[in-house]
file query.txt (compact mmCIF, C-alpha atoms and all ligand atoms)
# COMPACT_ATOMS: atom_id res chain seq x y z
CA MET A 662 -27.28 13.39 -18.16
CA ASN A 663 -23.83 13.83 -19.73
CA ARG A 664 -23.30 12.96 -23.38
CA PRO A 665 -21.43 9.70 -24.05
CA VAL A 666 -17.71 10.04 -24.74
CA TRP A 667 -16.19 8.08 -27.61
CA ILE A 668 -12.41 7.67 -27.60
CA ARG A 669 -11.35 6.71 -31.12
CA HIS A 670 -8.32 5.45 -33.01
CA ALA A 671 -5.91 4.90 -30.10
CA SER A 672 -2.65 3.70 -31.59
CA GLN A 673 -2.52 1.37 -28.57
CA LEU A 674 -5.46 0.79 -26.26
CA VAL A 675 -3.95 -1.01 -23.27
CA THR A 676 -6.97 -2.68 -21.67
CA LEU A 677 -5.33 -4.97 -19.04
CA ALA A 678 -8.50 -7.04 -19.43
CA GLY A 679 -8.80 -10.35 -17.60
CA GLY A 680 -7.06 -9.52 -14.32
CA SER A 681 -9.95 -8.36 -12.18
CA SER A 682 -10.68 -11.49 -10.18
CA SER A 683 -7.21 -11.95 -8.70
CA PRO A 684 -3.89 -10.06 -8.80
CA VAL A 685 -1.78 -10.65 -11.89
CA VAL A 686 1.39 -12.67 -11.25
CA GLY A 687 4.47 -13.98 -13.05
CA GLU A 688 4.61 -13.97 -16.84
CA ARG A 689 1.03 -12.68 -17.00
CA MET A 690 2.27 -9.29 -15.81
CA ASN A 691 3.57 -8.86 -19.37
CA GLU A 692 0.15 -9.42 -20.95
CA LEU A 693 -1.52 -6.06 -21.47
CA ALA A 694 -4.40 -7.13 -23.75
CA ILE A 695 -3.66 -4.37 -26.26
CA ILE A 696 -6.06 -3.34 -29.01
CA GLU A 697 -4.60 -1.44 -31.96
CA ASP A 698 -6.72 1.30 -33.53
CA GLY A 699 -8.62 0.97 -30.26
CA SER A 700 -11.89 2.55 -29.33
CA VAL A 701 -13.88 2.94 -26.08
CA TRP A 702 -17.45 4.14 -25.58
CA LEU A 703 -18.11 5.74 -22.17
CA GLU A 704 -21.60 6.31 -20.86
CA ASN A 705 -23.09 7.27 -17.46
CA GLY A 706 -19.65 7.37 -15.89
CA ARG A 707 -18.83 3.80 -16.91
CA ILE A 708 -17.17 1.95 -19.75
CA ALA A 709 -19.90 0.73 -22.06
CA SER A 710 -17.93 -0.94 -24.83
CA VAL A 711 -14.31 -1.63 -25.85
CA GLY A 712 -12.95 -2.83 -29.19
CA THR A 713 -11.35 -1.79 -32.44
CA ASP A 714 -12.59 1.44 -33.95
CA ALA A 715 -14.35 -0.48 -36.72
CA GLU A 716 -16.14 -2.70 -34.18
CA LEU A 717 -17.45 0.21 -32.11
CA GLU A 718 -18.48 2.15 -35.21
CA GLU A 719 -20.64 -0.81 -36.16
CA ILE A 720 -22.12 -1.27 -32.66
CA TYR A 721 -23.00 2.42 -32.23
CA ARG A 722 -23.78 3.27 -35.86
CA LYS A 723 -27.23 4.61 -34.95
CA ARG A 724 -25.90 6.76 -32.07
CA LEU A 725 -22.67 8.19 -33.47
CA GLU A 726 -24.05 11.75 -33.36
CA GLU A 727 -24.78 11.56 -29.64
CA ALA A 728 -21.19 11.23 -28.47
CA ASP A 729 -18.40 13.70 -27.77
CA ILE A 730 -15.43 12.35 -29.70
CA ILE A 731 -11.85 12.26 -28.44
CA ASP A 732 -9.46 11.51 -31.26
CA ALA A 733 -6.58 9.46 -29.82
CA THR A 734 -4.76 9.00 -33.12
CA GLY A 735 -1.06 8.44 -32.43
CA ARG A 736 -1.67 8.19 -28.70
CA LEU A 737 -1.56 5.56 -25.96
CA VAL A 738 -4.75 4.95 -23.95
CA THR A 739 -4.55 3.18 -20.57
CA PRO A 740 -6.70 2.73 -17.48
CA GLY A 741 -6.40 5.73 -15.14
CA LEU A 742 -3.26 5.17 -13.09
CA ILE A 743 -3.75 4.11 -9.46
CA ASP A 744 -1.43 5.02 -6.59
CA PRO A 745 -1.89 2.43 -3.83
CA HIS A 746 0.38 3.98 -1.15
CA THR A 747 0.50 7.68 -0.29
CA HIS A 748 0.81 9.91 2.76
CA LEU A 749 -1.11 12.57 0.83
CA VAL A 750 -2.64 14.45 3.77
CA HIS A 751 0.09 16.28 5.69
CA ALA A 752 1.34 19.78 6.40
CA GLY A 753 4.66 21.29 5.47
CA THR A 754 7.81 20.14 3.74
CA ARG A 755 11.23 18.78 4.83
CA GLU A 756 13.78 20.06 2.32
CA ASN A 757 16.06 20.85 5.31
CA GLU A 758 16.29 17.10 6.01
CA PHE A 759 17.05 16.41 2.36
CA ASN A 760 20.00 18.73 2.75
CA MET A 761 21.01 17.01 6.01
CA ARG A 762 20.95 13.62 4.29
CA LEU A 763 23.06 14.97 1.44
CA ASN A 764 25.53 15.99 4.13
CA GLY A 765 25.70 12.48 5.56
CA ALA A 766 22.84 12.13 8.09
CA THR A 767 20.64 9.05 7.74
CA TYR A 768 16.85 8.94 7.59
CA MET A 769 16.61 7.08 10.93
CA GLU A 770 19.12 9.39 12.67
CA ILE A 771 17.03 12.39 11.70
CA MET A 772 13.87 10.68 12.95
CA ASN A 773 15.48 9.59 16.24
CA ASN A 774 16.53 13.18 16.84
CA GLY A 775 12.95 14.39 16.69
CA GLY A 776 12.82 15.19 12.96
CA GLY A 777 11.45 13.02 10.16
CA ILE A 778 7.92 11.78 10.80
CA HIS A 779 7.93 13.71 14.12
CA ALA A 780 8.56 17.00 12.31
CA THR A 781 5.64 16.45 9.92
CA THR A 782 3.49 15.28 12.84
CA ALA A 783 4.14 18.56 14.68
CA ALA A 784 3.22 20.56 11.56
CA THR A 785 0.13 18.44 10.91
CA GLN A 786 -1.08 18.66 14.51
CA LYS A 787 -0.77 22.44 14.31
CA ALA A 788 -2.56 22.74 10.97
CA SER A 789 -6.28 23.42 10.75
CA HIS A 790 -8.55 21.14 8.74
CA GLU A 791 -8.74 23.85 6.08
CA GLN A 792 -4.96 24.26 5.81
CA LEU A 793 -4.50 20.49 5.51
CA TYR A 794 -7.26 20.35 2.91
CA GLN A 795 -5.71 23.09 0.78
CA GLU A 796 -2.17 21.68 0.92
CA SER A 797 -3.37 18.18 0.11
CA LYS A 798 -5.69 19.35 -2.66
CA LYS A 799 -2.73 20.96 -4.45
CA ARG A 800 -0.94 17.60 -4.43
CA LEU A 801 -4.07 15.84 -5.60
CA ASP A 802 -4.38 18.23 -8.56
CA LEU A 803 -0.80 17.31 -9.48
CA PHE A 804 -1.58 13.60 -9.20
CA LEU A 805 -4.41 14.10 -11.67
CA LEU A 806 -2.14 15.99 -14.06
CA HIS A 807 0.15 12.94 -13.93
CA GLY A 808 -2.65 10.61 -15.00
CA VAL A 809 -3.69 9.26 -11.59
CA THR A 810 -7.42 8.80 -10.98
CA THR A 811 -7.41 6.97 -7.60
CA VAL A 812 -5.05 7.23 -4.63
CA GLU A 813 -4.79 5.47 -1.32
CA ALA A 814 -4.14 7.99 1.48
CA LYS A 815 -2.80 7.18 4.96
CA SER A 816 -3.15 9.01 8.22
CA GLY A 817 -0.16 8.75 10.56
CA TYR A 818 0.98 12.34 11.03
CA GLY A 819 -1.58 12.97 13.77
CA LEU A 820 -0.55 10.35 16.33
CA THR A 821 -3.33 11.47 18.69
CA LEU A 822 -6.90 10.30 18.22
CA GLU A 823 -8.05 13.82 17.44
CA ASP A 824 -5.32 14.55 14.91
CA GLU A 825 -5.55 11.15 13.20
CA ILE A 826 -9.27 11.77 12.75
CA LYS A 827 -8.55 15.25 11.41
CA GLN A 828 -6.32 13.75 8.68
CA LEU A 829 -8.87 11.08 7.80
CA GLU A 830 -11.67 13.64 7.64
CA VAL A 831 -9.63 15.77 5.24
CA ALA A 832 -9.16 12.67 3.07
CA LYS A 833 -12.90 12.02 3.21
CA GLN A 834 -13.71 15.57 2.12
CA LEU A 835 -11.19 15.38 -0.72
CA ASP A 836 -12.74 12.10 -1.84
CA GLU A 837 -16.14 13.78 -1.94
CA GLU A 838 -15.05 17.00 -3.63
CA HIS A 839 -12.07 16.21 -5.87
CA PRO A 840 -12.26 14.22 -9.11
CA VAL A 841 -9.59 11.81 -7.85
CA ASP A 842 -11.02 9.03 -5.66
CA LEU A 843 -9.35 8.44 -2.29
CA VAL A 844 -9.20 5.18 -0.34
CA SER A 845 -8.24 5.77 3.29
CA THR A 846 -5.85 3.87 5.52
CA PHE A 847 -5.51 4.44 9.26
CA MET A 848 -1.84 4.52 10.26
CA GLY A 849 -1.79 5.65 13.88
CA ALA A 850 1.20 3.33 14.29
CA HIS A 851 3.48 5.39 12.05
CA ALA A 852 5.88 6.50 14.80
CA VAL A 853 6.09 6.34 18.58
CA PRO A 854 5.35 9.88 19.87
CA LYS A 855 8.11 11.27 22.07
CA ASP A 856 5.95 11.19 25.22
CA TYR A 857 5.81 7.40 24.86
CA ARG A 858 9.52 6.92 24.10
CA GLU A 859 10.12 5.16 27.45
CA ASN A 860 7.06 2.96 27.09
CA PRO A 861 6.14 2.32 23.44
CA ASP A 862 3.77 -0.49 24.44
CA ALA A 863 1.57 2.08 26.15
CA PHE A 864 1.21 3.86 22.80
CA VAL A 865 0.44 0.55 21.10
CA ASP A 866 -2.36 0.16 23.67
CA VAL A 867 -3.72 3.62 22.78
CA VAL A 868 -3.72 2.70 19.08
CA ILE A 869 -5.47 -0.60 19.80
CA GLN A 870 -7.91 0.44 22.48
CA GLU A 871 -8.78 4.01 21.53
CA MET A 872 -7.86 4.86 17.97
CA ILE A 873 -8.76 1.73 15.97
CA PRO A 874 -12.26 1.33 17.47
CA GLU A 875 -13.10 5.01 16.92
CA VAL A 876 -11.78 5.16 13.36
CA ALA A 877 -13.72 2.00 12.55
CA ARG A 878 -16.86 3.28 14.26
CA ARG A 879 -16.74 6.45 12.18
CA LYS A 880 -16.02 4.40 9.03
CA LEU A 881 -13.06 6.65 8.21
CA ALA A 882 -10.73 3.97 6.85
CA VAL A 883 -10.72 0.72 4.90
CA PHE A 884 -7.17 -0.36 5.82
CA ASN A 885 -4.93 -0.37 8.90
CA ASP A 886 -1.17 0.05 8.43
CA VAL A 887 1.90 -0.02 10.67
CA PHE A 888 5.57 1.00 10.27
CA CYS A 889 7.24 -2.28 11.26
CA GLU A 890 10.89 -1.29 11.50
CA ARG A 891 13.70 -1.62 14.03
CA GLY A 892 13.41 1.42 16.33
CA VAL A 893 9.77 2.05 15.38
CA PHE A 894 7.30 -0.85 15.91
CA THR A 895 8.51 -4.41 16.47
CA PRO A 896 7.00 -7.32 14.53
CA GLU A 897 5.15 -8.36 17.71
CA GLN A 898 3.68 -4.89 18.26
CA SER A 899 2.83 -4.71 14.57
CA ARG A 900 1.03 -8.04 14.74
CA ARG A 901 -1.07 -6.88 17.71
CA ILE A 902 -2.00 -3.64 15.95
CA LEU A 903 -2.92 -5.34 12.68
CA GLU A 904 -4.92 -8.07 14.42
CA ALA A 905 -6.82 -5.43 16.41
CA GLY A 906 -7.65 -3.71 13.12
CA VAL A 907 -8.98 -6.94 11.65
CA GLU A 908 -11.27 -7.35 14.68
CA HIS A 909 -12.76 -3.97 13.79
CA GLY A 910 -13.04 -4.69 10.07
CA LEU A 911 -9.89 -2.81 8.97
CA LEU A 912 -7.83 -4.75 6.44
CA PRO A 913 -4.11 -5.09 7.22
CA LYS A 914 -1.27 -3.45 5.31
CA ILE A 915 2.30 -3.14 6.52
CA HIS A 916 5.38 -0.98 5.91
CA ALA A 917 7.86 -3.85 5.91
CA ASP A 918 11.62 -4.34 5.67
CA GLU A 919 12.25 -0.79 4.45
CA ILE A 920 15.50 0.17 6.18
CA GLU A 921 16.61 -3.12 7.75
CA PRO A 922 15.57 -6.76 7.33
CA TYR A 923 13.02 -7.28 10.12
CA GLU A 924 10.89 -10.24 8.96
CA GLY A 925 8.10 -7.86 7.96
CA ALA A 926 7.39 -9.81 4.76
CA GLU A 927 7.08 -13.01 6.80
CA LEU A 928 4.67 -11.29 9.21
CA ALA A 929 2.58 -9.97 6.31
CA ALA A 930 2.22 -13.52 4.99
CA GLU A 931 1.40 -14.95 8.39
CA ILE A 932 -1.43 -12.55 9.14
CA GLY A 933 -2.71 -12.47 5.55
CA ALA A 934 -2.05 -8.78 4.91
CA VAL A 935 -3.53 -7.35 1.72
CA SER A 936 -0.13 -5.85 0.91
CA ALA A 937 3.37 -5.50 2.27
CA ASP A 938 4.96 -2.25 1.16
CA HIS A 939 8.59 -1.13 0.62
CA LEU A 940 10.40 -4.52 1.01
CA LEU A 941 13.83 -3.13 0.09
CA ARG A 942 15.41 -5.57 2.55
CA ALA A 943 12.89 -8.42 2.40
CA SER A 944 14.39 -11.88 2.82
CA ASP A 945 14.08 -14.65 0.25
CA THR A 946 11.96 -16.61 2.72
CA GLY A 947 9.71 -13.59 3.19
CA ILE A 948 9.27 -13.25 -0.57
CA GLU A 949 8.45 -16.95 -0.89
CA ARG A 950 5.88 -16.74 1.91
CA MET A 951 4.26 -13.67 0.38
CA ALA A 952 3.84 -15.54 -2.90
CA GLU A 953 2.26 -18.52 -1.09
CA ALA A 954 -0.06 -16.31 0.95
CA GLY A 955 -1.05 -14.04 -1.96
CA VAL A 956 0.22 -10.85 -0.30
CA ILE A 957 0.71 -8.07 -2.85
CA ALA A 958 4.12 -6.36 -2.85
CA VAL A 959 3.62 -2.60 -3.16
CA LEU A 960 7.03 -1.37 -4.30
CA LEU A 961 8.12 2.25 -3.94
CA PRO A 962 11.17 2.85 -6.15
CA GLY A 963 10.94 6.62 -5.66
CA THR A 964 11.65 6.14 -1.95
CA ALA A 965 14.78 4.07 -2.55
CA PHE A 966 15.87 6.63 -5.17
CA PHE A 967 15.30 9.60 -2.86
CA LEU A 968 16.89 7.87 0.16
CA MET A 969 19.79 6.83 -2.08
CA ALA A 970 19.25 3.20 -1.08
CA GLU A 971 19.21 0.03 -3.13
CA SER A 972 15.75 -0.57 -4.59
CA ALA A 973 13.53 -3.52 -3.75
CA ASN A 974 14.19 -6.44 -6.05
CA GLY A 975 11.04 -6.26 -8.14
CA ARG A 976 12.46 -8.67 -10.70
CA LYS A 977 13.06 -11.36 -8.09
CA MET A 978 9.57 -10.90 -6.63
CA ILE A 979 7.84 -11.19 -9.99
CA ASP A 980 9.89 -14.26 -10.85
CA ALA A 981 8.89 -15.72 -7.45
CA LYS A 982 5.21 -15.18 -8.44
CA VAL A 983 4.51 -12.37 -6.01
CA ALA A 984 1.93 -9.93 -7.39
CA VAL A 985 3.70 -6.57 -7.67
CA ALA A 986 2.12 -3.11 -7.57
CA ILE A 987 4.02 0.19 -7.57
CA SER A 988 3.43 3.54 -5.97
CA THR A 989 4.89 7.01 -5.32
CA ASP A 990 4.79 6.73 -1.49
CA CYS A 991 4.13 10.49 -1.78
CA ASN A 992 5.27 11.95 1.56
CA PRO A 993 7.39 14.91 2.68
CA GLY A 994 10.36 12.91 3.97
CA SER A 995 11.28 9.93 1.86
CA SER A 996 9.47 10.53 -1.45
CA PRO A 997 8.05 14.00 -2.13
CA THR A 998 6.80 13.17 -5.62
CA VAL A 999 3.37 12.80 -7.20
CA SER A 1000 4.59 11.34 -10.48
CA MET A 1001 3.41 7.80 -11.14
CA PRO A 1002 4.91 8.04 -14.67
CA LEU A 1003 8.34 8.65 -13.08
CA ILE A 1004 7.73 5.78 -10.66
CA MET A 1005 7.01 3.50 -13.64
CA ASN A 1006 10.29 4.68 -15.22
CA LEU A 1007 12.14 3.85 -11.99
CA GLY A 1008 10.44 0.47 -11.84
CA CYS A 1009 12.11 -0.32 -15.16
CA LEU A 1010 15.45 1.33 -14.48
CA LYS A 1011 15.98 0.43 -10.83
CA MET A 1012 13.93 -2.73 -10.19
CA GLY A 1013 14.48 -4.69 -13.39
CA MET A 1014 10.82 -4.63 -14.40
CA THR A 1015 9.71 -4.54 -18.03
CA PRO A 1016 7.64 -1.67 -19.49
CA ALA A 1017 4.62 -3.98 -19.57
CA GLU A 1018 5.11 -5.15 -15.98
CA VAL A 1019 5.26 -1.61 -14.58
CA LEU A 1020 2.03 -0.73 -16.35
CA THR A 1021 0.32 -3.79 -14.86
CA ALA A 1022 1.76 -2.78 -11.47
CA ALA A 1023 0.41 0.79 -11.75
CA THR A 1024 -3.09 -0.22 -12.85
CA ILE A 1025 -4.77 -3.57 -12.21
CA ASN A 1026 -2.39 -4.78 -9.48
CA ALA A 1027 -2.52 -1.37 -7.79
CA ALA A 1028 -6.32 -1.71 -7.87
CA HIS A 1029 -6.05 -5.10 -6.15
CA ALA A 1030 -3.77 -3.60 -3.51
CA ILE A 1031 -6.60 -1.27 -2.48
CA LYS A 1032 -9.40 -3.83 -3.05
CA ARG A 1033 -10.93 -1.90 -5.96
CA ALA A 1034 -10.15 -4.22 -8.87
CA HIS A 1035 -13.86 -4.87 -9.42
CA GLU A 1036 -14.29 -1.16 -10.31
CA ILE A 1037 -11.00 0.16 -11.70
CA GLY A 1038 -7.58 -0.85 -13.04
CA SER A 1039 -8.58 -2.09 -16.48
CA ILE A 1040 -10.58 -0.91 -19.48
CA GLU A 1041 -13.47 -3.37 -19.52
CA ALA A 1042 -17.19 -2.90 -19.98
CA GLY A 1043 -18.93 -2.14 -16.68
CA LYS A 1044 -15.96 -0.61 -14.90
CA LEU A 1045 -15.70 3.08 -13.98
CA ALA A 1046 -14.75 5.24 -16.96
CA ASP A 1047 -11.32 6.21 -15.55
CA ILE A 1048 -8.92 6.61 -18.47
CA THR A 1049 -5.57 8.27 -19.15
CA ILE A 1050 -4.35 9.23 -22.61
CA PHE A 1051 -0.61 9.75 -23.13
CA ASP A 1052 0.93 11.66 -25.99
CA VAL A 1053 3.16 8.76 -27.00
CA PRO A 1054 2.32 6.08 -29.55
CA ASP A 1055 2.88 3.01 -27.36
CA PHE A 1056 3.61 1.77 -23.86
CA MET A 1057 7.27 1.08 -24.61
CA THR A 1058 7.88 4.73 -25.57
CA LEU A 1059 6.19 5.83 -22.34
CA GLN A 1060 8.98 4.17 -20.34
CA TYR A 1061 11.74 4.98 -22.82
CA ARG A 1062 11.20 8.75 -22.83
CA TYR A 1063 11.62 8.82 -19.07
CA GLY A 1064 11.18 11.70 -16.65
CA VAL A 1065 8.64 13.51 -18.83
CA ASN A 1066 4.95 13.89 -18.07
CA HIS A 1067 3.36 12.63 -21.30
CA VAL A 1068 -0.21 12.85 -19.98
CA HIS A 1069 -2.49 14.51 -22.53
CA THR A 1070 -6.03 13.76 -21.36
CA VAL A 1071 -7.54 12.29 -18.20
CA ILE A 1072 -11.12 11.10 -17.94
CA LYS A 1073 -12.62 10.44 -14.50
CA LYS A 1074 -15.97 8.67 -14.26
CA GLY A 1075 -16.68 9.62 -17.87
CA ALA A 1076 -15.84 13.35 -17.54
CA VAL A 1077 -12.78 14.98 -19.09
CA VAL A 1078 -10.83 16.43 -16.14
CA VAL A 1079 -7.47 17.05 -17.88
CA ALA A 1080 -7.28 18.20 -21.50
CA GLU A 1081 -4.09 19.01 -23.43
CA GLY A 1082 -2.18 18.42 -20.17
CA THR A 1083 -4.15 21.09 -18.25
CA LEU A 1084 -6.79 20.77 -15.53
CA VAL A 1085 -10.26 21.40 -16.93
N1 LIG B 1 8.48 4.72 6.26
C1 LIG B 1 7.54 5.22 6.82
N2 LIG B 1 6.68 6.14 6.34
C2 LIG B 1 6.89 6.89 5.16
C3 LIG B 1 7.82 8.03 5.35
C4 LIG B 1 7.21 9.06 6.16
C5 LIG B 1 8.04 10.29 6.38
O1 LIG B 1 9.29 10.24 6.31
O2 LIG B 1 7.41 11.31 6.65
C6 LIG B 1 7.32 5.99 4.01
O3 LIG B 1 6.52 5.11 3.66
O4 LIG B 1 8.41 6.14 3.43
ZN ZN B 2 4.60 4.92 3.35

call {"tool": "encode", "arguments": {"input": "query.txt", "output": "structure tokens", "more": "lines below"}}
Ligand SMILES: N=CN[C@@H](CCC(=O)O)C(=O)O
Ligand SMILES: [Zn+2]
result
Amino acid sequence: MNRPVWIRHASQLVTLAGGSSSPVVGERMNELAIIEDGSVWLENGRIASVGTDAELEEIYRKRLEEADIIDATGRLVTPGLIDPHTHLVHAGTRENEFNMRLNGATYMEIMNNGGGIHATTAATQKASHEQLYQESKKRLDLFLLHGVTTVEAKSGYGLTLEDEIKQLEVAKQLDEEHPVDLVSTFMGAHAVPKDYRENPDAFVDVVIQEMIPEVARRKLAVFNDVFCERGVFTPEQSRRILEAGVEHGLLPKIHADEIEPYEGAELAAEIGAVSADHLLRASDTGIERMAEAGVIAVLLPGTAFFLMAESANGRKMIDAKVAVAISTDCNPGSSPTVSMPLIMNLGCLKMGMTPAEVLTAATINAAHAIKRAHEIGSIEAGKLADITIFDVPDFMTLQYRYGVNHVHTVIKKGAVVVAEGTLV
């Protein structure tokens, strides 16, 4: 049995307590439930007690010798960051397309000419399980170094039953072997393979009749996602795919209104999706309906930044009482980053969110977006001991000193996995 860990004297302990039962909306996104001179006692992989240092010293006075102490004097302590939207498992890179875009090509032009998602699909289909595992593990190590303790990971670069399952099995193995927890999403409907170009509905049938039942049978995913975008999957095809997932116990998520307005937000509300993601071009009606239906907006400001597009209007969504989470969208085409701290910076600088709101979006609301808020996303007794310590004195400074990885220590299920900014 591991020794307890006692984190002491945090200049700010951002607990985010009180948001576990439902996603945090509106003004409440600014309430971080901060404890100054904060202290947390971790035991058996879970959070045992949270309070001021004086309070915990009193509670544990007979056991002080038992614990390994982490002195967080002058530092900010938060829940482990959560990334609720990644395409973590894939092969290869696409810096050539980055160069093409800088020379005037658009993301959709590249994709329609057989590049984009198709290029990564070809590389992923060719890759062995082991190659995919090694490439993805490297990214996961970097996520951890940036303070992330749980990531959602989508398939969608296989596009055949066999290759989709290969991606999901790599994610499963990473979840078992890597300190970072993975939550898997099936995304067979990420692009229409070129053999189905003339008859995309036939591919939708393959997704519905062959892929979804098999993925569900093998219990390889929790969620089912679709790229609902003009030229990819229509809202009607997306609805069919997401409803088929629900029939097999896969919860719906949707890539919505990313490049063009396409009533993806409206569809998400109508079918009761857990989240609608991207939303750069979501309509006001769509935003209103998402708020009414309780659909979480997973916003990806790194994607807008990297595609040189206007960001989603996070400010408007929060003011409209939509629960907002944020994410890297880590993928080789539209957002090749693993830095949730940078994404929080962009949330402030490009989406009009406050430093407190982006922290809520990267922790407890991100946990809700992957249905894990009962276990992670806040520092409260009983939850998993997933904690990130930043070498800044407060949450405001974390956003102010942007573009720097301030992560000092990461604790996953009670074990120190990053110390002094280095993997243990
Ligand atoms: N938009 C669709 N899927 C990914 C991009 C995938 C890629 O370009 O490889 C996204 O979320 O941005
Ligand atoms: Zn995505």

call {"tool": "atom_distance", "arguments": {"input": "query.txt", "atom1": "CA of Arg976 in chain A", "atom2": "CA of Val738 in chain A"}}
result
25.6 Å

call {"tool": "residues_near_point", "arguments": {"input": "query.txt", "point": "(-10.5, 3.4, -32.7)", "cutoff": "10 Å", "atoms": "all atoms listed in the file", "output": "ChimeraX atom specification"}}
result
/A:667-674,696-702,711-718,731-734

call {"tool": "residues_around", "arguments": {"input": "query.txt", "residues": "Leu1020 in chain A", "least_positions_apart": "3", "cutoff": "9 Å", "atoms": "only C-alpha atoms", "output": "list in words"}}
result
Leu677, Met690, Asn691, Leu693, Thr739, Leu742, Met1005, Thr1015, Pro1016, Ala1017, Ala1023, Thr1024, Ile1025 and Phe1056 of chain A

call {"tool": "residues_near_point", "arguments": {"input": "query.txt", "point": "(-25.9, 10.4, -21.5)", "cutoff": "10 Å", "atoms": "all atoms listed in the file", "output": "PyMOL selection string"}}
result
chain A and resi 662-666+703-706+727-728+1075

call {"tool": "residues_around", "arguments": {"input": "query.txt", "residues": "Thr946 in chain A", "least_positions_apart": "3", "cutoff": "10 Å", "atoms": "all atoms listed in the file", "output": "NGL selection string"}}
result
:A and (924 or 926-927 or 943 or 949-952)

call {"tool": "closest_residue", "arguments": {"input": "query.txt", "among": "A:Arg1062, A:Arg858, A:Lys833, A:His851", "to": "Ala882 in chain A", "atoms": "all atoms listed in the file"}}
result
A:Lys833

call {"tool": "closest_residue", "arguments": {"input": "query.txt", "among": "A:Ile932, A:Leu725, A:Leu961, A:Met761", "to": "ligand ZN 2 (chain B)", "atoms": "all atoms listed in the file"}}
result
A:Leu961

call {"tool": "atom_distance", "arguments": {"input": "query.txt", "atom1": "CA of Glu825 in chain A", "atom2": "CA of Thr846 in chain A"}}
result
10.6 Å

call {"tool": "residues_near_ligand", "arguments": {"input": "query.txt", "ligand": "ligand ZN 2 (chain B)", "cutoff": "9 Å", "atoms": "all atoms listed in the file", "output": "PyMOL selection string"}}
result
chain A and resi 746-748+815+851+888+915-916+938-939+961+964+989-992+995-996

call {"tool": "write_last_selection", "arguments": {"input": "query.txt", "atoms": "C-alpha atoms", "output": "short mmCIF file (atom, residue, chain, number, x, y, z; two decimals), in the coordinates of the input"}}
result
data_model
loop_
_atom_site.label_atom_id
_atom_site.label_comp_id
_atom_site.auth_asym_id
_atom_site.auth_seq_id
_atom_site.Cartn_x
_atom_site.Cartn_y
_atom_site.Cartn_z
CA HIS A 746 0.38 3.98 -1.15
CA THR A 747 0.50 7.68 -0.29
CA HIS A 748 0.81 9.91 2.76
CA LYS A 815 -2.80 7.18 4.96
CA HIS A 851 3.48 5.39 12.05
CA PHE A 888 5.57 1.00 10.27
CA ILE A 915 2.30 -3.14 6.52
CA HIS A 916 5.38 -0.98 5.91
CA ASP A 938 4.96 -2.25 1.16
CA HIS A 939 8.59 -1.13 0.62
CA LEU A 961 8.12 2.25 -3.94
CA THR A 964 11.65 6.14 -1.95
CA THR A 989 4.89 7.01 -5.32
CA ASP A 990 4.79 6.73 -1.49
CA CYS A 991 4.13 10.49 -1.78
CA ASN A 992 5.27 11.95 1.56
CA SER A 995 11.28 9.93 1.86
CA SER A 996 9.47 10.53 -1.45
#

call {"tool": "closest_residue", "arguments": {"input": "query.txt", "among": "A:Ser681, A:Gln834, A:Thr781, A:Asn757", "to": "ligand LIG 1 (chain B)", "atoms": "all atoms listed in the file"}}
result
A:Thr781

call {"tool": "atom_distance", "arguments": {"input": "query.txt", "atom1": "CA of Val841 in chain A", "atom2": "CA of Met1001 in chain A"}}
result
14.0 Å

call {"tool": "closest_residue", "arguments": {"input": "query.txt", "among": "A:Glu823, A:Asp1052, A:Glu756, A:Glu953", "to": "ligand LIG 1 (chain B)", "atoms": "all atoms listed in the file"}}
result
A:Glu756

call {"tool": "closest_residue", "arguments": {"input": "query.txt", "among": "A:Ala917, A:Leu911, A:Val883, A:Val1053", "to": "Val844 in chain A", "atoms": "only C-alpha atoms"}}
result
A:Val883

call {"tool": "residues_around", "arguments": {"input": "query.txt", "residues": "Pro922 in chain A", "least_positions_apart": "4", "cutoff": "8 Å", "atoms": "all atoms listed in the file", "output": "PyMOL selection string"}}
result
chain A and resi 918+942-944

call {"tool": "closest_residue", "arguments": {"input": "query.txt", "among": "A:Leu749, A:Leu829, A:Leu835, A:Val685", "to": "ligand LIG 1 (chain B)", "atoms": "all atoms listed in the file"}}
result
A:Leu749

call {"tool": "axis_aligned_box", "arguments": {"input": "query.txt", "around": "range 855-869 of chain A", "padding_each_side": "6 Å", "output": "JSON"}}
result
{"center_x": 2.3, "center_y": 5.3, "center_z": 23.3, "size_x": 27.6, "size_y": 23.9, "size_z": 20.4}

call {"tool": "residues_around", "arguments": {"input": "query.txt", "residues": "Val959 in chain A", "least_positions_apart": "5", "cutoff": "8 Å", "atoms": "all atoms listed in the file", "output": "list in words"}}
result
Pro745, His746, Ser936, Ala937, Asp938, His939, Val985, Ala986, Ile987, Ser988, Ala1027 and Ala1030 of chain A

call {"tool": "residues_around", "arguments": {"input": "query.txt", "residues": "Leu803 in chain A", "least_positions_apart": "2", "cutoff": "12 Å", "atoms": "all atoms listed in the file", "output": "JSON, numbers by chain"}}
result
{"A": [749, 796, 797, 798, 799, 800, 801, 805, 806, 807, 808, 809, 810, 812, 839, 840, 841, 991, 997, 998, 999, 1000, 1001, 1066, 1068, 1079, 1082, 1083, 1084]}

call {"tool": "closest_atom_pairs", "arguments": {"input": "query.txt", "of": "range 785-872 of chain A", "to": "range 891-908 of chain A", "cutoff": "9 Å", "atoms": "only C-alpha atoms", "output": "Markdown table"}}
result
| residue | atom | partner | partner_atom | distance |
| --- | --- | --- | --- | --- |
| A:Ala850 | CA | A:Phe894 | CA | 7.6 |
| A:His851 | CA | A:Val893 | CA | 7.9 |
| A:Ala852 | CA | A:Val893 | CA | 5.9 |
| A:Val853 | CA | A:Val893 | CA | 6.5 |
| A:Pro861 | CA | A:Phe894 | CA | 8.3 |
| A:Asp862 | CA | A:Gln898 | CA | 7.6 |
| A:Val865 | CA | A:Gln898 | CA | 6.9 |
| A:Asp866 | CA | A:Ile902 | CA | 8.6 |
| A:Val868 | CA | A:Ile902 | CA | 7.3 |
| A:Ile869 | CA | A:Ile902 | CA | 6.0 |
| A:Gln870 | CA | A:Ala905 | CA | 8.5 |
